[in-house]
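Chemist: What follows is query_14.pdb, PDB, C-alpha atoms and all ligand atoms.
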ATOM      1  CA  GLU A   1      40.226  -7.442  16.917
ATOM      2  CA  THR A   2      37.865 -10.174  15.722
ATOM      3  CA  ASP A   3      36.294 -10.007  19.159
ATOM      4  CA  ILE A   4      35.529  -6.302  18.818
ATOM      5  CA  SER A   5      34.101  -6.643  15.354
ATOM      6  CA  SER A   6      31.877  -9.562  16.348
ATOM      7  CA  LYS A   7      30.637  -7.586  19.352
ATOM      8  CA  TYR A   8      29.951  -4.650  17.075
ATOM      9  CA  LYS A   9      28.080  -6.955  14.759
ATOM     10  CA  TYR A  10      26.018  -8.198  17.705
ATOM     11  CA  PHE A  11      25.039  -4.687  18.768
ATOM     12  CA  GLN A  12      24.340  -3.661  15.212
ATOM     13  CA  ASP A  13      22.128  -6.684  14.760
ATOM     14  CA  GLN A  14      20.361  -6.045  18.074
ATOM     15  CA  GLY A  15      19.620  -2.509  16.948
ATOM     16  CA  LEU A  16      17.816  -3.907  13.932
ATOM     17  CA  ARG A  17      15.533  -6.106  16.009
ATOM     18  CA  GLN A  18      12.444  -4.281  17.199
ATOM     19  CA  LEU A  19       9.869  -5.139  19.787
ATOM     20  CA  PRO A  20       6.563  -5.864  18.030
ATOM     21  CA  SER A  21       4.332  -2.957  17.156
ATOM     22  CA  ALA A  22       1.401  -5.311  16.551
ATOM     23  CA  LEU A  23       0.389  -8.586  18.180
ATOM     24  CA  ILE A  24      -1.957 -11.373  17.206
ATOM     25  CA  ILE A  25      -3.252 -12.048  20.724
ATOM     26  CA  GLY A  26      -5.853 -14.740  19.960
ATOM     27  CA  VAL A  27      -8.041 -16.550  20.027
ATOM     28  CA  LYS A  28      -6.699 -20.075  20.285
ATOM     29  CA  LYS A  29      -8.040 -22.114  17.313
ATOM     30  CA  GLY A  30      -9.475 -18.987  15.714
ATOM     31  CA  GLY A  31      -7.205 -19.134  12.672
ATOM     32  CA  THR A  32      -4.228 -17.294  14.161
ATOM     33  CA  ARG A  33      -1.599 -19.255  12.226
ATOM     34  CA  ALA A  34      -3.373 -18.587   8.950
ATOM     35  CA  LEU A  35      -3.512 -14.870   9.698
ATOM     36  CA  LEU A  36       0.174 -14.716  10.592
ATOM     37  CA  GLU A  37       1.258 -16.668   7.516
ATOM     38  CA  PHE A  38      -0.927 -14.525   5.255
ATOM     39  CA  ILE A  39       0.101 -11.110   6.606
ATOM     40  CA  ARG A  40       3.807 -11.935   6.652
ATOM     41  CA  ILE A  41       3.747 -12.189   2.854
ATOM     42  CA  HIS A  42       3.743  -8.399   3.013
ATOM     43  CA  PRO A  43       7.272  -7.018   2.472
ATOM     44  CA  ASP A  44       6.800  -4.454   5.254
ATOM     45  CA  ILE A  45       5.940  -7.110   7.831
ATOM     46  CA  ARG A  46       8.475  -9.192   9.710
ATOM     47  CA  ALA A  47       7.257 -11.788  12.163
ATOM     48  CA  ALA A  48       8.624 -14.002  14.879
ATOM     49  CA  GLY A  49       8.167 -17.520  13.510
ATOM     50  CA  ASN A  50       7.210 -19.340  16.699
ATOM     51  CA  GLU A  51       4.913 -18.379  19.539
ATOM     52  CA  VAL A  52       7.195 -16.631  22.032
ATOM     53  CA  HIS A  53       4.741 -16.771  24.994
ATOM     54  CA  PHE A  54       6.367 -13.669  26.442
ATOM     55  CA  PHE A  55       3.376 -11.921  28.027
ATOM     56  CA  ASP A  56       2.121 -15.112  29.655
ATOM     57  CA  LYS A  57       4.994 -17.470  30.539
ATOM     58  CA  ASN A  58       8.248 -15.592  29.973
ATOM     59  CA  TYR A  59       7.575 -12.048  31.140
ATOM     60  CA  VAL A  60      10.199 -12.215  33.922
ATOM     61  CA  LYS A  61      12.878 -12.661  31.259
ATOM     62  CA  GLY A  62      12.459  -9.040  30.222
ATOM     63  CA  PHE A  63      12.024  -7.043  27.038
ATOM     64  CA  GLN A  64      15.583  -7.609  25.782
ATOM     65  CA  TRP A  65      14.980 -11.340  25.904
ATOM     66  CA  TYR A  66      11.706 -10.876  24.031
ATOM     67  CA  ARG A  67      13.321  -8.643  21.405
ATOM     68  CA  SER A  68      16.005 -11.236  20.661
ATOM     69  CA  PHE A  69      13.262 -13.483  19.179
ATOM     70  CA  MET A  70      12.277 -10.867  16.637
ATOM     71  CA  PRO A  71      13.758 -10.924  13.142
ATOM     72  CA  PRO A  72      15.912  -7.961  12.102
ATOM     73  CA  THR A  73      13.957  -5.227  10.348
ATOM     74  CA  LEU A  74      14.732  -2.463   7.899
ATOM     75  CA  GLU A  75      13.360   1.030   8.283
ATOM     76  CA  GLY A  76       9.649   1.075   7.517
ATOM     77  CA  GLN A  77       9.090  -2.560   8.422
ATOM     78  CA  GLN A  78       6.756  -3.561  11.233
ATOM     79  CA  THR A  79       7.445  -6.434  13.595
ATOM     80  CA  ILE A  80       4.616  -8.711  14.686
ATOM     81  CA  GLU A  81       4.293 -11.710  16.975
ATOM     82  CA  LYS A  82       1.446 -14.117  17.656
ATOM     83  CA  THR A  83       0.726 -16.065  20.799
ATOM     84  CA  PRO A  84      -2.990 -16.912  21.096
ATOM     85  CA  SER A  85      -2.924 -17.414  24.874
ATOM     86  CA  TYR A  86      -2.286 -13.696  25.405
ATOM     87  CA  PHE A  87      -5.988 -13.015  24.886
ATOM     88  CA  VAL A  88      -6.976 -15.052  27.967
ATOM     89  CA  THR A  89      -3.985 -14.207  30.194
ATOM     90  CA  LYS A  90      -5.063 -11.929  33.067
ATOM     91  CA  GLU A  91      -1.783 -10.010  33.283
ATOM     92  CA  ALA A  92      -1.252  -9.660  29.519
ATOM     93  CA  PRO A  93      -3.191  -6.396  28.906
ATOM     94  CA  LYS A  94      -1.206  -4.538  31.552
ATOM     95  CA  ARG A  95       2.091  -6.009  30.384
ATOM     96  CA  VAL A  96       1.502  -5.231  26.707
ATOM     97  CA  ASN A  97       0.487  -1.710  27.676
ATOM     98  CA  HIS A  98       3.716  -1.383  29.651
ATOM     99  CA  MET A  99       5.750  -2.420  26.584
ATOM    100  CA  ASN A 100       3.991   0.078  24.349
ATOM    101  CA  PRO A 101       0.539   1.594  24.911
ATOM    102  CA  SER A 102       0.085   2.087  21.171
ATOM    103  CA  THR A 103       0.534  -1.630  20.336
ATOM    104  CA  LYS A 104      -1.977  -2.747  17.722
ATOM    105  CA  LEU A 105      -3.965  -5.793  18.722
ATOM    106  CA  LEU A 106      -5.345  -8.342  16.291
ATOM    107  CA  VAL A 107      -7.899 -10.879  17.467
ATOM    108  CA  VAL A 108      -9.135 -13.657  15.196
ATOM    109  CA  VAL A 109     -12.522 -14.764  16.458
ATOM    110  CA  ARG A 110     -14.606 -17.706  15.382
ATOM    111  CA  ASN A 111     -17.983 -19.162  16.327
ATOM    112  CA  PRO A 112     -17.276 -20.297  19.905
ATOM    113  CA  VAL A 113     -19.102 -23.604  19.321
ATOM    114  CA  THR A 114     -16.845 -24.496  16.374
ATOM    115  CA  ARG A 115     -13.865 -23.139  18.281
ATOM    116  CA  ALA A 116     -14.641 -25.443  21.218
ATOM    117  CA  ILE A 117     -14.808 -28.474  18.908
ATOM    118  CA  SER A 118     -11.564 -27.414  17.232
ATOM    119  CA  ASP A 119      -9.890 -27.037  20.636
ATOM    120  CA  TYR A 120     -11.172 -30.465  21.680
ATOM    121  CA  THR A 121     -10.004 -32.023  18.393
ATOM    122  CA  GLN A 122      -6.515 -30.677  19.029
ATOM    123  CA  ALA A 123      -6.532 -31.984  22.616
ATOM    124  CA  ILE A 124      -7.683 -35.491  21.669
ATOM    125  CA  SER A 125      -5.037 -35.668  18.934
ATOM    126  CA  LYS A 126      -2.468 -35.451  21.750
ATOM    127  CA  ARG A 127      -4.400 -37.585  24.279
ATOM    128  CA  PRO A 128      -6.458 -40.189  22.384
ATOM    129  CA  ASP A 129      -7.916 -41.608  25.650
ATOM    130  CA  MET A 130      -9.952 -38.442  26.270
ATOM    131  CA  LYS A 131     -13.692 -38.719  26.911
ATOM    132  CA  LYS A 132     -16.162 -37.761  24.217
ATOM    133  CA  PHE A 133     -16.809 -34.073  23.624
ATOM    134  CA  GLU A 134     -20.487 -34.542  24.492
ATOM    135  CA  SER A 135     -19.722 -35.705  28.013
ATOM    136  CA  LEU A 136     -16.977 -33.156  28.741
ATOM    137  CA  VAL A 137     -19.355 -30.280  27.891
ATOM    138  CA  PHE A 138     -21.632 -30.974  30.865
ATOM    139  CA  ILE A 139     -21.062 -31.118  34.608
ATOM    140  CA  ASN A 140     -20.951 -34.815  35.603
ATOM    141  CA  GLY A 141     -20.917 -35.703  31.925
ATOM    142  CA  THR A 142     -24.699 -35.826  31.638
ATOM    143  CA  ILE A 143     -26.614 -34.136  28.829
ATOM    144  CA  GLY A 144     -29.229 -31.944  30.493
ATOM    145  CA  ASN A 145     -26.897 -30.885  33.302
ATOM    146  CA  LEU A 146     -25.343 -27.440  33.437
ATOM    147  CA  ILE A 147     -22.573 -26.654  30.976
ATOM    148  CA  ASP A 148     -19.107 -26.993  32.487
ATOM    149  CA  THR A 149     -17.758 -23.466  32.097
ATOM    150  CA  SER A 150     -14.509 -24.481  33.786
ATOM    151  CA  TRP A 151     -13.599 -26.727  30.843
ATOM    152  CA  GLY A 152     -11.067 -24.871  28.668
ATOM    153  CA  PRO A 153     -12.732 -25.455  25.297
ATOM    154  CA  ILE A 154     -15.977 -23.948  26.678
ATOM    155  CA  LYS A 155     -14.453 -21.225  28.848
ATOM    156  CA  LEU A 156     -12.239 -19.736  26.144
ATOM    157  CA  GLY A 157     -15.256 -19.037  23.940
ATOM    158  CA  MET A 158     -16.699 -16.459  26.336
ATOM    159  CA  TYR A 159     -14.934 -13.719  24.408
ATOM    160  CA  ALA A 160     -16.696 -10.747  26.040
ATOM    161  CA  ARG A 161     -15.181 -11.592  29.431
ATOM    162  CA  TYR A 162     -11.638 -11.566  28.132
ATOM    163  CA  LEU A 163     -12.127  -8.522  25.953
ATOM    164  CA  SER A 164     -13.414  -6.465  28.885
ATOM    165  CA  ARG A 165     -10.047  -6.983  30.614
ATOM    166  CA  TRP A 166      -8.184  -5.685  27.548
ATOM    167  CA  LEU A 167     -10.490  -2.684  27.220
ATOM    168  CA  LYS A 168      -9.309  -1.448  30.619
ATOM    169  CA  TYR A 169      -5.895  -0.859  29.035
ATOM    170  CA  PHE A 170      -6.532  -0.203  25.340
ATOM    171  CA  PRO A 171      -9.152   1.760  23.382
ATOM    172  CA  LEU A 172     -11.324  -0.181  20.951
ATOM    173  CA  SER A 173      -9.650   1.679  18.064
ATOM    174  CA  GLN A 174      -6.428  -0.236  18.733
ATOM    175  CA  PHE A 175      -8.088  -3.602  18.085
ATOM    176  CA  LEU A 176      -8.879  -5.321  14.850
ATOM    177  CA  PHE A 177     -11.290  -8.224  15.075
ATOM    178  CA  VAL A 178     -10.723 -10.646  12.235
ATOM    179  CA  SER A 179     -13.513 -13.044  11.353
ATOM    180  CA  GLY A 180     -12.115 -16.574  11.486
ATOM    181  CA  GLU A 181     -14.948 -17.695   9.194
ATOM    182  CA  ARG A 182     -14.260 -15.034   6.565
ATOM    183  CA  LEU A 183     -10.531 -15.731   6.794
ATOM    184  CA  ILE A 184     -11.438 -19.144   5.332
ATOM    185  CA  TYR A 185     -14.048 -18.268   2.691
ATOM    186  CA  ASP A 186     -12.628 -14.869   1.654
ATOM    187  CA  PRO A 187      -9.049 -14.501   2.920
ATOM    188  CA  ALA A 188      -8.250 -11.586   0.592
ATOM    189  CA  ALA A 189     -11.118  -9.504   2.025
ATOM    190  CA  GLU A 190      -9.955 -10.059   5.604
ATOM    191  CA  LEU A 191      -6.354  -9.327   4.610
ATOM    192  CA  HIS A 192      -7.522  -6.064   3.041
ATOM    193  CA  ARG A 193      -8.898  -5.012   6.429
ATOM    194  CA  VAL A 194      -5.718  -6.120   8.198
ATOM    195  CA  GLN A 195      -3.412  -4.189   5.845
ATOM    196  CA  ASN A 196      -5.617  -1.136   6.209
ATOM    197  CA  PHE A 197      -5.543  -1.395  10.006
ATOM    198  CA  LEU A 198      -1.744  -1.723  10.040
ATOM    199  CA  GLY A 199      -1.362   1.247   7.691
ATOM    200  CA  LEU A 200       0.203  -0.899   4.972
ATOM    201  CA  LYS A 201      -0.002  -0.645   1.207
ATOM    202  CA  GLN A 202      -2.432  -3.233  -0.160
ATOM    203  CA  VAL A 203      -0.058  -5.958  -1.325
ATOM    204  CA  VAL A 204      -1.620  -9.228  -0.189
ATOM    205  CA  ASN A 205      -4.651  -9.854  -2.384
ATOM    206  CA  GLU A 206      -6.761 -12.546  -4.084
ATOM    207  CA  LYS A 207      -3.830 -13.375  -6.387
ATOM    208  CA  HIS A 208      -1.913 -14.883  -3.469
ATOM    209  CA  PHE A 209      -4.584 -17.448  -2.608
ATOM    210  CA  TYR A 210      -6.126 -20.492  -4.160
ATOM    211  CA  PHE A 211      -8.719 -22.776  -2.679
ATOM    212  CA  ASN A 212      -7.353 -26.297  -2.205
ATOM    213  CA  ALA A 213     -10.387 -28.560  -2.526
ATOM    214  CA  THR A 214      -8.622 -31.568  -0.969
ATOM    215  CA  LYS A 215      -7.700 -29.616   2.141
ATOM    216  CA  GLY A 216     -10.897 -27.582   2.085
ATOM    217  CA  PHE A 217      -9.012 -24.388   2.917
ATOM    218  CA  PRO A 218      -7.324 -21.499   1.175
ATOM    219  CA  CYS A 219      -3.628 -22.046   0.494
ATOM    220  CA  LEU A 220      -0.811 -19.826  -0.769
ATOM    221  CA  PHE A 221       0.807 -19.731  -4.186
ATOM    222  CA  LYS A 222       4.060 -18.554  -2.654
ATOM    223  CA  SER A 223       5.386 -16.931   0.489
ATOM    224  CA  GLU A 224       8.550 -16.380   2.518
ATOM    225  CA  GLY A 225      10.646 -19.527   2.343
ATOM    226  CA  HIS A 226       8.331 -21.269  -0.160
ATOM    227  CA  SER A 227       8.472 -20.755  -3.873
ATOM    228  CA  ALA A 228       5.890 -23.464  -4.600
ATOM    229  CA  PRO A 229       2.175 -23.443  -3.705
ATOM    230  CA  HIS A 230       1.563 -24.712  -0.202
ATOM    231  CA  CYS A 231      -1.065 -25.059   2.505
ATOM    232  CA  LEU A 232      -0.752 -24.730   6.268
ATOM    233  CA  GLY A 233       0.453 -27.899   8.013
ATOM    234  CA  LYS A 234      -1.539 -31.020   8.903
ATOM    235  CA  THR A 235      -2.410 -29.662  12.345
ATOM    236  CA  LYS A 236      -4.374 -26.811  10.753
ATOM    237  CA  GLY A 237      -7.706 -27.811   9.273
ATOM    238  CA  ARG A 238      -8.279 -31.087  11.114
ATOM    239  CA  ASN A 239     -11.409 -33.172  10.615
ATOM    240  CA  HIS A 240     -13.795 -32.566  13.493
ATOM    241  CA  PRO A 241     -15.829 -35.366  15.093
ATOM    242  CA  LYS A 242     -19.564 -35.221  14.465
ATOM    243  CA  ILE A 243     -21.226 -33.816  17.583
ATOM    244  CA  ASP A 244     -24.733 -34.684  18.793
ATOM    245  CA  ARG A 245     -27.167 -32.092  17.446
ATOM    246  CA  VAL A 246     -28.873 -31.590  20.845
ATOM    247  CA  VAL A 247     -25.507 -30.781  22.400
ATOM    248  CA  LEU A 248     -24.735 -28.328  19.601
ATOM    249  CA  GLN A 249     -28.049 -26.556  20.226
ATOM    250  CA  ARG A 250     -27.370 -26.377  23.979
ATOM    251  CA  LEU A 251     -23.993 -24.799  23.277
ATOM    252  CA  LYS A 252     -25.451 -22.349  20.804
ATOM    253  CA  ASP A 253     -28.019 -21.258  23.400
ATOM    254  CA  PHE A 254     -25.345 -21.074  26.069
ATOM    255  CA  TYR A 255     -23.114 -18.767  24.033
ATOM    256  CA  ARG A 256     -25.886 -16.492  22.706
ATOM    257  CA  PRO A 257     -25.755 -13.906  25.549
ATOM    258  CA  PHE A 258     -21.952 -13.890  25.542
ATOM    259  CA  ASN A 259     -21.898 -13.469  21.771
ATOM    260  CA  ASN A 260     -24.416 -10.620  21.904
ATOM    261  CA  ARG A 261     -22.347  -8.894  24.558
ATOM    262  CA  PHE A 262     -19.261  -9.325  22.377
ATOM    263  CA  TYR A 263     -21.105  -7.860  19.350
ATOM    264  CA  GLN A 264     -22.072  -4.862  21.499
ATOM    265  CA  MET A 265     -18.541  -4.328  22.753
ATOM    266  CA  THR A 266     -16.945  -4.570  19.307
ATOM    267  CA  GLY A 267     -19.748  -3.012  17.269
ATOM    268  CA  ILE A 268     -19.588  -6.015  14.921
ATOM    269  CA  ASN A 269     -22.206  -8.713  14.470
ATOM    270  CA  PHE A 270     -20.247 -11.867  13.640
ATOM    271  CA  GLY A 271     -23.425 -13.759  12.851
ATOM    272  CA  TRP A 272     -22.860 -16.772  15.092
ATOM    273  CA  SER A 273     -26.196 -16.738  16.914
TER     274      SER A 273
HETATM  275  P1  LIG A 301      -9.260 -26.697  12.656
HETATM  276  O1  LIG A 301      -7.953 -27.417  12.530
HETATM  277  O2  LIG A 301     -10.032 -27.134  13.840
HETATM  278  O3  LIG A 301     -10.084 -26.723  11.398
HETATM  279  P2  LIG A 301      -5.098 -21.618  15.070
HETATM  280  O4  LIG A 301      -4.031 -21.416  14.043
HETATM  281  O5  LIG A 301      -5.480 -20.340  15.761
HETATM  282  O6  LIG A 301      -4.772 -22.747  15.984
HETATM  283  O7  LIG A 301      -6.418 -22.017  14.285
HETATM  284  C1  LIG A 301      -6.540 -23.233  13.619
HETATM  285  C2  LIG A 301      -7.744 -23.128  12.722
HETATM  286  O8  LIG A 301      -7.487 -22.223  11.656
HETATM  287  C3  LIG A 301      -8.115 -24.409  12.030
HETATM  288  O9  LIG A 301      -8.941 -25.144  12.918
HETATM  289  C4  LIG A 301      -8.830 -23.936  10.775
HETATM  290  O10 LIG A 301     -10.231 -24.068  10.837
HETATM  291  C5  LIG A 301      -8.489 -22.457  10.693
HETATM  292  N1  LIG A 301      -7.980 -21.987   9.411
HETATM  293  C6  LIG A 301      -8.245 -20.780   8.878
HETATM  294  N2  LIG A 301      -7.677 -20.641   7.690
HETATM  295  C7  LIG A 301      -7.008 -21.783   7.443
HETATM  296  C8  LIG A 301      -6.219 -22.236   6.344
HETATM  297  N3  LIG A 301      -6.006 -21.458   5.290
HETATM  298  N4  LIG A 301      -5.692 -23.480   6.416
HETATM  299  C9  LIG A 301      -5.922 -24.261   7.490
HETATM  300  N5  LIG A 301      -6.654 -23.883   8.565
HETATM  301  C10 LIG A 301      -7.195 -22.655   8.541
END
Would you mind giving the structure from this file in structure tokens?

Modeler:
Amino acid sequence: ETDISSKYKYFQDQGLRQLPSALIIGVKKGGTRALLEFIRIHPDIRAAGNEVHFFDKNYVKGFQWYRSFMPPTLEGQQTIEKTPSYFVTKEAPKRVNHMNPSTKLLVVVRNPVTRAISDYTQAISKRPDMKKFESLVFINGTIGNLIDTSWGPIKLGMYARYLSRWLKYFPLSQFLFVSGERLIYDPAAELHRVQNFLGLKQVVNEKHFYFNATKGFPCLFKSEGHSAPHCLGKTKGRNHPKIDRVVLQRLKDFYRPFNNRFYQMTGINFGWS
């Protein structure tokens, strides 16, 4: 008898877990954790806590496997998940479309030069023996040589390339491009756009945020699981190394055409160039 009731409980619980109706697909180091933590304050949003990596690494495990990572929802609640590598995974657009062609797609984008430095800063924190940023940027490590577009931190900033793959499967109207810069200096304004895009009541607003001068980033007064004010963890908002100004200019020039193409595709000028 206990067996039957626990099975029933399992099925009942499974029924309450929904595949996501919206995904934060990227970009890596754009501010994806901040966006997820901020939007999940909303009572009508339920989110998978960790990156599930379903559409890149775990797709063979199937949709039931994926769904089991989602929190239970009540009627009217939306489920969301974030894994930033989806944006740059070749097969992801087709796979997400196969799950649900009306999936809403959120992309946090950030100046690709800053994003590259952020990506590098994360990498060197795990591998302190890495070469300097300035030498990894160029083929053969020499300033003046061509930029090494096969190096992850550089490659991932060519947003237009990745977006064109997604646009083969989803109309532009199903995307929301969140400014990673504005998410830092005016989080409430970006969250207003996000809530609007997701068809939510405006709940998350300026009252939820305060600027923590020590951290140099917006933090939350309270949120799910925290009653006290808190910031994102130590791995979010790292100090970046100071990069040679000539190298920065080379990178800015390198990204300009890709940025302009991305502005054209999205209809938004992010002001990076
Ligand atoms: P840095 O650590 O290089 O500053 P992601 O979550 O996609 O990995 O992005 C990490 C980046 O989010 C951080 O990069 C930081 O600049 C940015 N960010 C945006 N809002 C933030 C916040 N409120 N607190 C900390 N980092 C934030």

Chemist: Can you tell me which residues sit at most 8 Å away from ligand LIG 301 (chain A), counting only C-alpha atoms and all ligand atoms, written as a ChimeraX atom specification?

Modeler: /A:26-35,84,108,114-115,117-119,121-122,180-181,183-184,187,215-219,231-233,235-240

Chemist: CA of Asn259 in chain A and CA of Ser150 in chain A are how many Å apart?

Modeler: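 Distance between the two atoms: 17.9 Å.
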
Chemist: Under the PyMOL selection byres (((chain A and resi 74) around 9) and not hetatm), which residues of this model are included? Write them out as a ChimeraX atom specification.

Modeler: /A:16-17,44,72-73,75-78

Chemist: If I take CA of His53 in chain A and CA of Tyr66 in chain A, how far is one from the other in Å, to one decimal?

Modeler: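 That distance, rounded to one decimal, is 9.2 Å.
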
Chemist: Please evaluate the PyMOL selection byres (((chain A and resi 70) around 12) and not hetatm) against the displayed coordinates and give the resulting residues as a compact mmCIF listing (two decimals) with C-alpha atoms, in the coordinates of the input.

Modeler:
# COMPACT_ATOMS: atom_id res chain seq x y z
CA ASP A 13 22.13 -6.68 14.76
CA GLN A 14 20.36 -6.04 18.07
CA GLY A 15 19.62 -2.51 16.95
CA LEU A 16 17.82 -3.91 13.93
CA ARG A 17 15.53 -6.11 16.01
CA GLN A 18 12.44 -4.28 17.20
CA LEU A 19 9.87 -5.14 19.79
CA PRO A 20 6.56 -5.86 18.03
CA SER A 21 4.33 -2.96 17.16
CA ILE A 45 5.94 -7.11 7.83
CA ARG A 46 8.48 -9.19 9.71
CA ALA A 47 7.26 -11.79 12.16
CA ALA A 48 8.62 -14.00 14.88
CA GLY A 49 8.17 -17.52 13.51
CA ASN A 50 7.21 -19.34 16.70
CA GLU A 51 4.91 -18.38 19.54
CA VAL A 52 7.20 -16.63 22.03
CA PHE A 54 6.37 -13.67 26.44
CA PHE A 63 12.02 -7.04 27.04
CA GLN A 64 15.58 -7.61 25.78
CA TRP A 65 14.98 -11.34 25.90
CA TYR A 66 11.71 -10.88 24.03
CA ARG A 67 13.32 -8.64 21.40
CA SER A 68 16.00 -11.24 20.66
CA PHE A 69 13.26 -13.48 19.18
CA PRO A 71 13.76 -10.92 13.14
CA PRO A 72 15.91 -7.96 12.10
CA THR A 73 13.96 -5.23 10.35
CA GLN A 78 6.76 -3.56 11.23
CA THR A 79 7.44 -6.43 13.60
CA ILE A 80 4.62 -8.71 14.69
CA GLU A 81 4.29 -11.71 16.98
CA LYS A 82 1.45 -14.12 17.66

Chemist: Given the file shown, determine the residues that the PyMOL selection byres (((chain A and resi 92) around 12) and not hetatm) selects; report them as a PyMOL selection string.

Modeler: chain A and resi 23+25-26+53-59+83-91+93-99+105+162-163+165-170

Chemist: Env of range 135-146 of chain A: 8 Å cut, atoms = all atoms listed in the file, seq-sep filter 5 positions within chain, self excluded. Answer as a list in words.

Modeler: Trp151, Ile154 and Val247 of chain A

Chemist: Name the closest residue to His230 in chain A among the candidates A:Phe211, A:Asp253, A:Arg245, A:Arg261; distances are taken between atoms, counting all atoms listed in the file.

Modeler: A:Phe211

Chemist: Please write out, as lines of an AutoDock Vina configuration file, where the centre of an axis-aligned box around all listed atoms of range 166-179 of chain A lies and how long its edges are, in Å to one decimal, after adding 4 Å on each side.

Modeler:
center_x = -9.7
center_y = -5.6
center_z = 21.0
size_x = 15.6
size_y = 22.8
size_z = 27.3

Chemist: Quick one: of A:Leu176, A:Ala188, A:Met158, A:Ala123, who's nearest to Arg256 in chain A, counting all atoms listed in the file?

Modeler: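 The shortest atom-to-atom distance to Arg256 in chain A comes from A:Met158.
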
Chemist: Provide the CA of Ile268 in chain A to CA of Arg161 in chain A distance in Å, to one decimal place.

Modeler: 16.2 Å

Chemist: Pick the closest to Ser125 in chain A from A:Gly157, A:Asn100, A:Phe258, A:Lys234: which is it, counting all atoms listed in the file?

Modeler: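 Distance minimum relative to Ser125 in chain A lands on A:Lys234.
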
Chemist: Could you complete range 258-270 of chain A so that it carries N, CA and C atoms, and give it back as an mmCIF file, in the coordinates of the input?

Modeler:
data_model
loop_
_atom_site.group_PDB
_atom_site.id
_atom_site.type_symbol
_atom_site.label_atom_id
_atom_site.label_comp_id
_atom_site.auth_asym_id
_atom_site.auth_seq_id
_atom_site.Cartn_x
_atom_site.Cartn_y
_atom_site.Cartn_z
ATOM 1 N N PHE A 258 -23.364 -14.308 25.587
ATOM 2 C CA PHE A 258 -21.952 -13.890 25.542
ATOM 3 C C PHE A 258 -21.604 -13.325 24.165
ATOM 4 N N ASN A 259 -22.129 -13.963 23.136
ATOM 5 C CA ASN A 259 -21.898 -13.469 21.771
ATOM 6 C C ASN A 259 -22.506 -12.076 21.594
ATOM 7 N N ASN A 260 -23.754 -11.923 22.065
ATOM 8 C CA ASN A 260 -24.416 -10.620 21.904
ATOM 9 C C ASN A 260 -23.650 -9.514 22.621
ATOM 10 N N ARG A 261 -23.152 -9.849 23.799
ATOM 11 C CA ARG A 261 -22.347 -8.894 24.558
ATOM 12 C C ARG A 261 -21.074 -8.544 23.764
ATOM 13 N N PHE A 262 -20.480 -9.538 23.168
ATOM 14 C CA PHE A 262 -19.261 -9.325 22.377
ATOM 15 C C PHE A 262 -19.560 -8.468 21.140
ATOM 16 N N TYR A 263 -20.712 -8.683 20.507
ATOM 17 C CA TYR A 263 -21.105 -7.860 19.350
ATOM 18 C C TYR A 263 -21.267 -6.404 19.778
ATOM 19 N N GLN A 264 -21.882 -6.222 20.973
ATOM 20 C CA GLN A 264 -22.072 -4.862 21.499
ATOM 21 C C GLN A 264 -20.740 -4.182 21.749
ATOM 22 N N MET A 265 -19.839 -4.911 22.384
ATOM 23 C CA MET A 265 -18.541 -4.328 22.753
ATOM 24 C C MET A 265 -17.722 -3.952 21.522
ATOM 25 N N THR A 266 -17.790 -4.792 20.483
ATOM 26 C CA THR A 266 -16.945 -4.570 19.307
ATOM 27 C C THR A 266 -17.645 -3.747 18.232
ATOM 28 N N GLY A 267 -18.984 -3.678 18.322
ATOM 29 C CA GLY A 267 -19.748 -3.012 17.269
ATOM 30 C C GLY A 267 -19.832 -3.836 15.994
ATOM 31 N N ILE A 268 -19.533 -5.129 16.098
ATOM 32 C CA ILE A 268 -19.588 -6.015 14.921
ATOM 33 C C ILE A 268 -20.479 -7.215 15.227
ATOM 34 N N ASN A 269 -21.404 -7.503 14.332
ATOM 35 C CA ASN A 269 -22.206 -8.713 14.470
ATOM 36 C C ASN A 269 -21.534 -9.826 13.652
ATOM 37 N N PHE A 270 -20.969 -10.794 14.333
ATOM 38 C CA PHE A 270 -20.247 -11.867 13.640
ATOM 39 C C PHE A 270 -21.167 -12.960 13.106
#
